[in-house]
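Visitor: Take a look at start-v5.txt, compact mmCIF, C-alpha atoms:
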# COMPACT_ATOMS: atom_id res chain seq x y z
CA MET A 239 253.86 61.15 63.47
CA THR A 240 255.92 59.53 66.21
CA LEU A 241 259.50 60.40 65.25
CA SER A 242 261.36 62.38 67.88
CA PRO A 243 261.00 66.16 67.40
CA ASP A 244 264.75 66.54 66.90
CA LEU A 245 264.89 63.87 64.21
CA ALA A 246 261.78 65.22 62.46
CA SER A 247 263.37 68.68 62.45
CA ARG A 248 266.62 67.36 60.96
CA LEU A 249 264.73 65.58 58.19
CA ALA A 250 262.75 68.71 57.39
CA LYS A 251 265.91 70.83 57.27
CA ALA A 252 267.33 68.32 54.79
CA GLY A 253 264.36 68.91 52.51
CA LEU A 254 262.68 65.62 53.36
CA ASP A 255 259.10 65.18 54.54
CA PRO A 256 259.31 63.61 58.02
CA ALA A 257 255.86 62.01 57.70
CA ALA A 258 256.79 60.46 54.34
CA VAL A 259 260.08 59.16 55.75
CA GLU A 260 258.30 57.63 58.73
CA ALA A 261 255.74 55.97 56.46
CA LEU A 262 258.53 54.52 54.31
CA VAL A 263 260.40 53.32 57.38
CA ARG A 264 257.32 51.61 58.80
CA ALA A 265 256.66 49.91 55.45
CA THR A 266 260.29 48.79 55.25
CA VAL A 267 260.26 47.30 58.73
CA ALA A 268 256.87 45.67 58.13
CA GLU A 269 258.25 44.02 55.01
CA ASP A 270 261.18 42.66 57.01
CA LEU A 271 258.99 41.27 59.79
CA ASP A 272 256.23 40.04 57.44
CA GLY A 273 253.62 40.01 60.19
CA GLY A 274 255.80 38.12 62.64
CA VAL A 275 258.75 38.83 64.91
CA ASP A 276 262.53 38.75 64.58
CA VAL A 277 262.75 35.10 65.60
CA THR A 278 266.55 35.03 65.86
CA SER A 279 266.80 38.07 68.12
CA VAL A 280 263.84 37.02 70.26
CA ALA A 281 265.38 33.58 70.75
CA THR A 282 268.94 34.66 71.47
CA VAL A 283 268.66 38.02 73.25
CA PRO A 284 267.12 38.47 76.72
CA ALA A 285 264.12 40.79 76.67
CA ASP A 286 265.74 43.23 79.10
CA ALA A 287 269.16 43.35 77.42
CA ARG A 288 270.49 46.71 76.33
CA GLY A 289 273.34 47.41 73.93
CA HIS A 290 275.15 49.92 71.79
CA ALA A 291 275.15 49.66 67.99
CA ASP A 292 277.84 51.49 66.03
CA PHE A 293 276.97 52.19 62.39
CA THR A 294 280.44 52.16 60.85
CA ALA A 295 281.71 52.85 57.34
CA ARG A 296 283.69 49.95 55.93
CA ALA A 297 284.76 51.83 52.81
CA ILE A 298 285.70 55.37 51.81
CA GLY A 299 282.75 57.37 50.52
CA VAL A 300 280.17 60.08 51.13
CA ALA A 301 277.48 59.71 53.76
CA ALA A 302 273.81 60.16 52.96
CA GLY A 303 270.66 59.03 54.71
CA ILE A 304 271.93 59.07 58.29
CA PRO A 305 268.73 60.63 59.69
CA VAL A 306 266.70 58.14 57.62
CA ALA A 307 268.59 55.21 59.17
CA GLU A 308 268.16 56.82 62.58
CA ALA A 309 264.41 56.99 61.88
CA VAL A 310 264.40 53.20 61.45
CA VAL A 311 266.03 52.78 64.86
CA ASP A 312 263.69 55.35 66.39
CA VAL A 313 260.58 53.61 65.06
CA VAL A 314 261.66 50.03 65.87
CA CYS A 315 262.80 50.98 69.36
CA GLY A 316 259.64 52.96 70.01
CA GLY A 317 261.62 56.07 70.87
CA ALA A 318 263.60 54.19 73.52
CA ALA A 319 266.98 54.48 71.78
CA ASP A 320 269.54 57.19 72.48
CA ILE A 321 271.29 58.20 69.27
CA SER A 322 274.59 60.06 68.98
CA THR A 323 275.51 61.30 65.49
CA PHE A 324 279.13 61.94 64.49
CA VAL A 325 278.88 62.58 60.74
CA ALA A 326 276.59 64.81 58.67
CA ASP A 327 275.05 63.82 55.36
CA GLY A 328 277.34 65.00 52.59
CA ASP A 329 280.52 64.46 54.60
CA ARG A 330 283.30 62.33 53.21
CA VAL A 331 283.88 59.32 55.45
CA ALA A 332 286.86 57.06 55.98
CA ARG A 333 286.97 53.31 56.39
CA GLY A 334 286.33 52.52 60.04
CA GLN A 335 284.62 55.82 60.82
CA VAL A 336 281.54 55.62 63.06
CA LEU A 337 278.63 57.50 61.52
CA PHE A 338 276.25 57.24 64.45
CA THR A 339 275.69 55.14 67.55
CA ALA A 340 272.35 53.93 68.88
CA SER A 341 271.97 52.76 72.47
CA GLY A 342 268.82 50.93 73.48
CA PRO A 343 267.07 47.56 73.78
CA THR A 344 269.31 45.02 72.08
CA ARG A 345 266.53 43.00 70.44
CA GLU A 346 265.12 46.08 68.77
CA LEU A 347 268.52 47.35 67.69
CA LEU A 348 269.18 44.05 65.92
CA THR A 349 265.72 44.07 64.35
CA ALA A 350 266.35 47.57 62.99
CA GLU A 351 269.85 46.77 61.70
CA ARG A 352 269.13 45.51 58.19
CA SER A 353 266.31 47.91 57.34
CA ALA A 354 268.46 50.83 58.46
CA LEU A 355 271.48 49.59 56.52
CA ASN A 356 269.50 48.90 53.34
CA LEU A 357 268.53 52.58 53.20
CA LEU A 358 271.80 54.02 54.52
CA CYS A 359 274.06 51.95 52.24
CA ARG A 360 271.92 52.68 49.17
CA LEU A 361 271.74 56.44 49.74
CA SER A 362 275.42 56.72 50.68
CA GLY A 363 276.33 54.79 47.53
CA ILE A 364 274.42 57.30 45.40
CA ALA A 365 276.08 60.22 47.19
CA THR A 366 279.50 58.62 46.75
CA LEU A 367 279.06 58.05 43.01
CA THR A 368 277.64 61.55 42.56
CA ARG A 369 280.67 63.06 44.27
CA GLU A 370 282.95 61.20 41.84
CA TRP A 371 281.16 62.84 38.93
CA VAL A 372 281.15 66.25 40.61
CA ASP A 373 284.88 65.98 41.31
CA ALA A 374 285.52 64.92 37.72
CA ILE A 375 284.12 68.19 36.32
CA ALA A 376 285.19 70.55 39.11
CA GLY A 377 286.04 74.03 37.87
CA THR A 378 284.26 73.75 34.52
CA GLY A 379 281.12 75.62 35.55
CA ALA A 380 278.86 72.70 34.66
CA ALA A 381 276.75 70.73 37.14
CA ILE A 382 275.92 67.05 37.46
CA ARG A 383 272.19 66.40 37.31
CA ASP A 384 270.11 63.33 38.01
CA THR A 385 267.14 61.87 36.11
CA ARG A 386 263.85 60.14 36.94
CA LYS A 387 265.57 56.74 36.68
CA THR A 388 265.00 56.12 40.37
CA THR A 389 263.84 53.17 42.46
CA PRO A 390 260.03 53.25 42.72
CA GLY A 391 259.05 54.67 46.09
CA LEU A 392 262.53 56.00 46.85
CA ARG A 393 262.74 58.98 44.50
CA ALA A 394 262.72 61.71 47.14
CA LEU A 395 265.44 59.94 49.13
CA GLU A 396 267.58 59.06 46.12
CA LYS A 397 267.43 62.59 44.77
CA TYR A 398 268.29 63.83 48.25
CA ALA A 399 271.36 61.58 48.15
CA VAL A 400 272.36 63.16 44.84
CA ARG A 401 272.26 66.55 46.54
CA CYS A 402 274.39 65.17 49.37
CA GLY A 403 276.98 64.19 46.78
CA GLY A 404 277.06 67.69 45.29
CA GLY A 405 274.76 67.08 42.32
CA VAL A 406 271.57 68.93 41.44
CA ASN A 407 268.11 67.58 40.84
CA HIS A 408 266.19 67.47 37.60
CA ARG A 409 262.41 67.45 37.88
CA MET A 410 260.96 65.43 40.72
CA SER A 411 257.87 64.32 38.82
CA LEU A 412 256.05 64.43 35.52
CA SER A 413 254.00 67.40 36.71
CA ASP A 414 256.55 69.96 37.90
CA ALA A 415 258.33 70.41 34.55
CA ALA A 416 257.87 69.30 30.96
CA MET A 417 260.38 67.20 29.03
CA VAL A 418 259.64 66.97 25.34
CA LYS A 419 261.36 63.80 24.11
CA ASP A 420 261.49 61.97 20.79
CA ASN A 421 258.18 60.16 21.24
CA HIS A 422 256.39 63.42 22.06
CA VAL A 423 257.92 64.92 18.92
CA VAL A 424 256.57 62.05 16.83
CA ALA A 425 253.12 62.44 18.35
CA ALA A 426 253.06 66.23 17.88
CA GLY A 427 254.51 66.29 14.38
CA GLY A 428 257.79 68.05 15.11
CA VAL A 429 260.06 69.46 17.79
CA ALA A 430 258.80 73.04 17.64
CA GLU A 431 255.19 71.86 17.39
CA ALA A 432 255.61 69.74 20.52
CA PHE A 433 257.11 72.65 22.42
CA ARG A 434 254.32 75.03 21.43
CA ALA A 435 251.70 72.46 22.42
CA VAL A 436 253.14 72.15 25.92
CA ARG A 437 253.58 75.91 26.31
CA THR A 438 249.97 76.49 25.25
CA ALA A 439 248.52 73.87 27.58
CA PHE A 440 250.79 74.65 30.56
CA PRO A 441 252.09 78.23 30.16
CA ASP A 442 253.75 78.42 33.60
CA VAL A 443 255.62 75.10 33.53
CA PRO A 444 259.37 75.03 32.67
CA VAL A 445 259.91 73.21 29.38
CA GLU A 446 262.96 71.23 28.31
CA VAL A 447 263.19 69.94 24.77
CA GLU A 448 265.34 67.04 23.62
CA VAL A 449 267.16 67.37 20.30
CA ASP A 450 269.57 64.98 18.64
CA ARG A 451 270.57 67.17 15.67
CA LEU A 452 272.02 70.65 15.53
CA ASP A 453 269.45 71.78 12.95
CA GLN A 454 266.68 71.21 15.50
CA ILE A 455 268.05 73.85 17.85
CA ALA A 456 267.09 77.03 15.97
CA PRO A 457 263.32 76.37 15.79
CA VAL A 458 263.26 75.31 19.44
CA LEU A 459 265.05 78.51 20.43
CA GLU A 460 262.67 80.60 18.37
CA ALA A 461 259.73 78.90 20.06
CA GLY A 462 261.16 79.90 23.45
CA ALA A 463 262.50 76.74 25.08
CA ASP A 464 263.93 77.23 28.59
CA LEU A 465 266.34 74.34 28.38
CA ILE A 466 267.56 72.13 25.55
CA LEU A 467 268.74 68.58 26.09
CA LEU A 468 271.46 67.62 23.62
CA ASP A 469 271.15 63.88 23.19
CA ASN A 470 274.15 61.72 22.31
CA MET A 471 276.21 64.56 20.83
CA THR A 472 279.98 64.54 20.57
CA PRO A 473 282.06 67.24 22.34
CA HIS A 474 282.54 68.90 18.95
CA GLN A 475 278.80 69.01 18.35
CA LEU A 476 278.22 70.24 21.89
CA ARG A 477 280.60 73.15 21.32
CA GLU A 478 278.73 74.02 18.14
CA ALA A 479 275.45 73.91 20.05
CA VAL A 480 276.82 76.18 22.79
CA ALA A 481 277.95 78.71 20.18
CA LEU A 482 274.61 78.53 18.36
CA VAL A 483 272.54 79.03 21.51
CA ALA A 484 274.81 81.80 22.81
CA GLY A 485 273.26 81.87 26.27
CA ARG A 486 269.63 82.10 25.12
CA ALA A 487 268.76 78.81 26.82
CA ARG A 488 270.41 76.41 29.23
CA LEU A 489 271.97 73.31 27.72
CA GLU A 490 272.12 69.77 29.06
CA SER A 491 274.24 66.95 27.66
CA SER A 492 272.79 63.45 27.92
CA GLY A 493 273.56 59.97 26.60
CA GLY A 494 276.76 57.98 26.53
CA LEU A 495 278.44 59.93 29.32
CA THR A 496 281.17 58.27 31.38
CA LEU A 497 283.43 59.43 34.18
CA ASP A 498 286.35 59.27 31.75
CA THR A 499 284.70 61.66 29.28
CA ALA A 500 282.78 63.85 31.75
CA ARG A 501 285.36 66.62 31.96
CA ASP A 502 285.69 66.95 28.18
CA VAL A 503 281.90 67.22 27.91
CA ALA A 504 281.64 69.74 30.73
CA ALA A 505 284.40 71.86 29.17
CA THR A 506 282.28 72.43 26.04
CA GLY A 507 280.22 75.02 27.92
CA VAL A 508 277.03 73.07 28.59
CA ASP A 509 275.25 73.82 31.85
CA TYR A 510 274.42 70.27 32.92
CA LEU A 511 275.47 66.69 32.45
CA ALA A 512 272.46 64.37 32.90
CA VAL A 513 273.60 61.12 34.52
CA GLY A 514 270.96 58.44 35.02
CA ALA A 515 273.59 56.11 36.48
CA LEU A 516 273.67 58.16 39.68
CA THR A 517 270.47 56.47 40.78
CA HIS A 518 270.03 53.42 38.56
CA SER A 519 273.55 51.98 38.80
CA ALA A 520 275.21 53.27 41.96
CA PRO A 521 276.85 50.52 44.04
CA ILE A 522 276.11 50.65 47.74
CA LEU A 523 278.60 52.07 50.20
CA ASP A 524 279.66 49.29 52.55
CA ILE A 525 278.45 50.19 56.05
CA GLY A 526 278.09 47.76 58.93
CA VAL A 527 276.77 47.59 62.47
CA ASP A 528 278.95 46.53 65.36
CA LEU A 529 277.11 45.63 68.58
CA ARG A 530 278.79 46.17 71.93
Have the structure of the file written as structure tokens, please.
Guide:
Amino acid sequence: MTLSPDLASRLAKAGLDPAAVEALVRATVAEDLDGGVDVTSVATVPADARGHADFTARAIGVAAGIPVAEAVVDVVCGGAADISTFVADGDRVARGQVLFTASGPTRELLTAERSALNLLCRLSGIATLTREWVDAIAGTGAAIRDTRKTTPGLRALEKYAVRCGGGVNHRMSLSDAAMVKDNHVVAAGGVAEAFRAVRTAFPDVPVEVEVDRLDQIAPVLEAGADLILLDNMTPHQLREAVALVAGRARLESSGGLTLDTARDVAATGVDYLAVGALTHSAPILDIGVDLR
């Protein structure tokens, strides 16, 4: 690994694998260069020129992925850039606020610009949207949770961005928790049967079971489900489910959720609202680079 020790430490403290981030950064830059060079920067910028690049928010939002963007600069500049950071991931940012500044060889700074922004804008957009959902249900006791509807190859970063926005993560992979959904139920011959099959095969793995009718809850509870996903239920049905479960399992509402209805859903007493849109539909946060 060639990231600076300080940057590698910051990534690790954020719960990100520095080696994995560096590998992603190198693949991202390699895709941008496609085996060649940055022809525009090489042609227009003297080889010995040095500059300062300000990464600046152009919209109000929540920052996420600053150390990831810095890793792009670090890798492209070969460790020759001096980086000053003014905002932490998870901070709210204002239009015109400088997130970080990189000083170094101008050609390399310009080569790093788009790769760094692609990651920084994407992750900050996810954090910004997540914070909107979190703010919408503030004080209800419920939490906003993501799904596996992530961009291939970017799951760890996108779920990190959800955390930066105040949300919580669902399972990271198919192997760290079980989710018994409708197709598993069909294959197993019933909701309770599917749960028992998973519990028998993987006794130590947390198991969540999806139900779409209230009458499916009792057998799942009796079987010992840790968490029940209530799919496409109305607030009235959710309140009935909360009363029926009476704290014996955690409850997650999923399907058809919007920012306008989020607070009503959260107020029913469920523990989580599952929002796939956090990662599959978040608009980017507009961030730009100003060279001086």
Visitor: Figure out the distance between CA of Glu308 in chain A and CA of Leu245 in chain A, please, to one decimal in Å.
Guide: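 Answer for the CA of Leu245 in chain A to CA of Glu308 in chain A separation: 7.9 Å.
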Visitor: Just how far from CA of Ala291 in chain A is CA of Arg333 in chain A, in Å to one decimal?
Guide: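 Interatomic distance, CA of Arg333 in chain A to CA of Ala291 in chain A: 17.0 Å.
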Visitor: Taking only C-alpha atoms into account, name the residue in A:Leu347, A:Ala332, A:Ala425, A:Ala500 that is nearest to Ala318 in chain A.
Guide: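 Using only C-alpha atoms, the shortest distance to Ala318 in chain A belongs to A:Leu347.
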Visitor: Considering only C-alpha atoms, can you say which of A:Ala399, A:Ala381, A:Leu468, A:Gly299 comes closest to Lys419 in chain A?
Guide: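 Smallest separation from Lys419 in chain A among the options: A:Leu468.
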Visitor: What lies within 8 Å of Ile455 in chain A using all atoms listed in the file, ignoring chain neighbours under 4 positions off, as a ChimeraX atom specification?
Guide: /A:449,451,459,466,479,483
Visitor: So, with only C-alpha atoms as the atoms that count, which of A:Leu489, A:Val310, A:Ala340, A:Ile382 lies closest to Leu358 in chain A?
Guide: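 With only C-alpha atoms as the atom set, the closest residue is A:Val310.
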Visitor: For the point (279.5, 64.5, 21.7) in file coordinates, what residues are within 10 Å, counting all atoms listed in the file? Give the answer as a ChimeraX atom specification?
Guide: /A:468-477,491-495,499,502-503,506
Visitor: Nearest to Pro390 in chain A: which of A:Asp453, A:Ala268, A:Ala376, A:Ser411 is it, counting all atoms listed in the file?
Guide: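 Of all the options, A:Ser411 lies closest to Pro390 in chain A.
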Visitor: When distances are computed from all atoms listed in the file, which of A:Leu529, A:Ala295, A:Ala426, A:Val443 shows the smallest separation from Arg409 in chain A?
Guide: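 Of A:Leu529, A:Ala295, A:Ala426, A:Val443, the one nearest Arg409 in chain A is A:Val443, counting all atoms listed in the file.
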Visitor: Go through A:Gly404, A:Gly303, A:Ala456, A:Asp442 one by one, measure the shortest atom-to-atom distance of each to Ala374 in chain A using only C-alpha atoms, and give the residue with the smallest value.
Guide: A:Gly404
Visitor: Can you measure CA of Thr389 in chain A to CA of Asp270 in chain A for me? One decimal in Å is fine.
Guide: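 Answer for the CA of Thr389 in chain A to CA of Asp270 in chain A separation: 18.1 Å.
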Visitor: Skip Gly316 in chain A itself and residues of its chain fewer than 3 positions away, then list as a PyMOL selection string all residues within 10 Å of it, counting all atoms listed in the file.
Guide: chain A and resi 240-242+310-313+319+343+346
Visitor: Find the smallest box with edges along x, y and z containing every listed atom of range 308-318 of chain A, then add 4 Å on each side and report centre and edge lengths in Å to one decimal, as AutoDock Vina command-line options.
Guide:
--center_x 263.9 --center_y 53.5 --center_z 67.5 --size_x 16.5 --size_y 15.0 --size_z 20.1
Visitor: As an MDAnalysis selection string, please: the residues near range 261-266 of chain A (cut-off 9 Å, only C-alpha atoms, same-chain neighbours under 5 positions excluded).
Guide: chainID A and resid 239 256 271 306:307 309:310 313:314 353:354 391:392
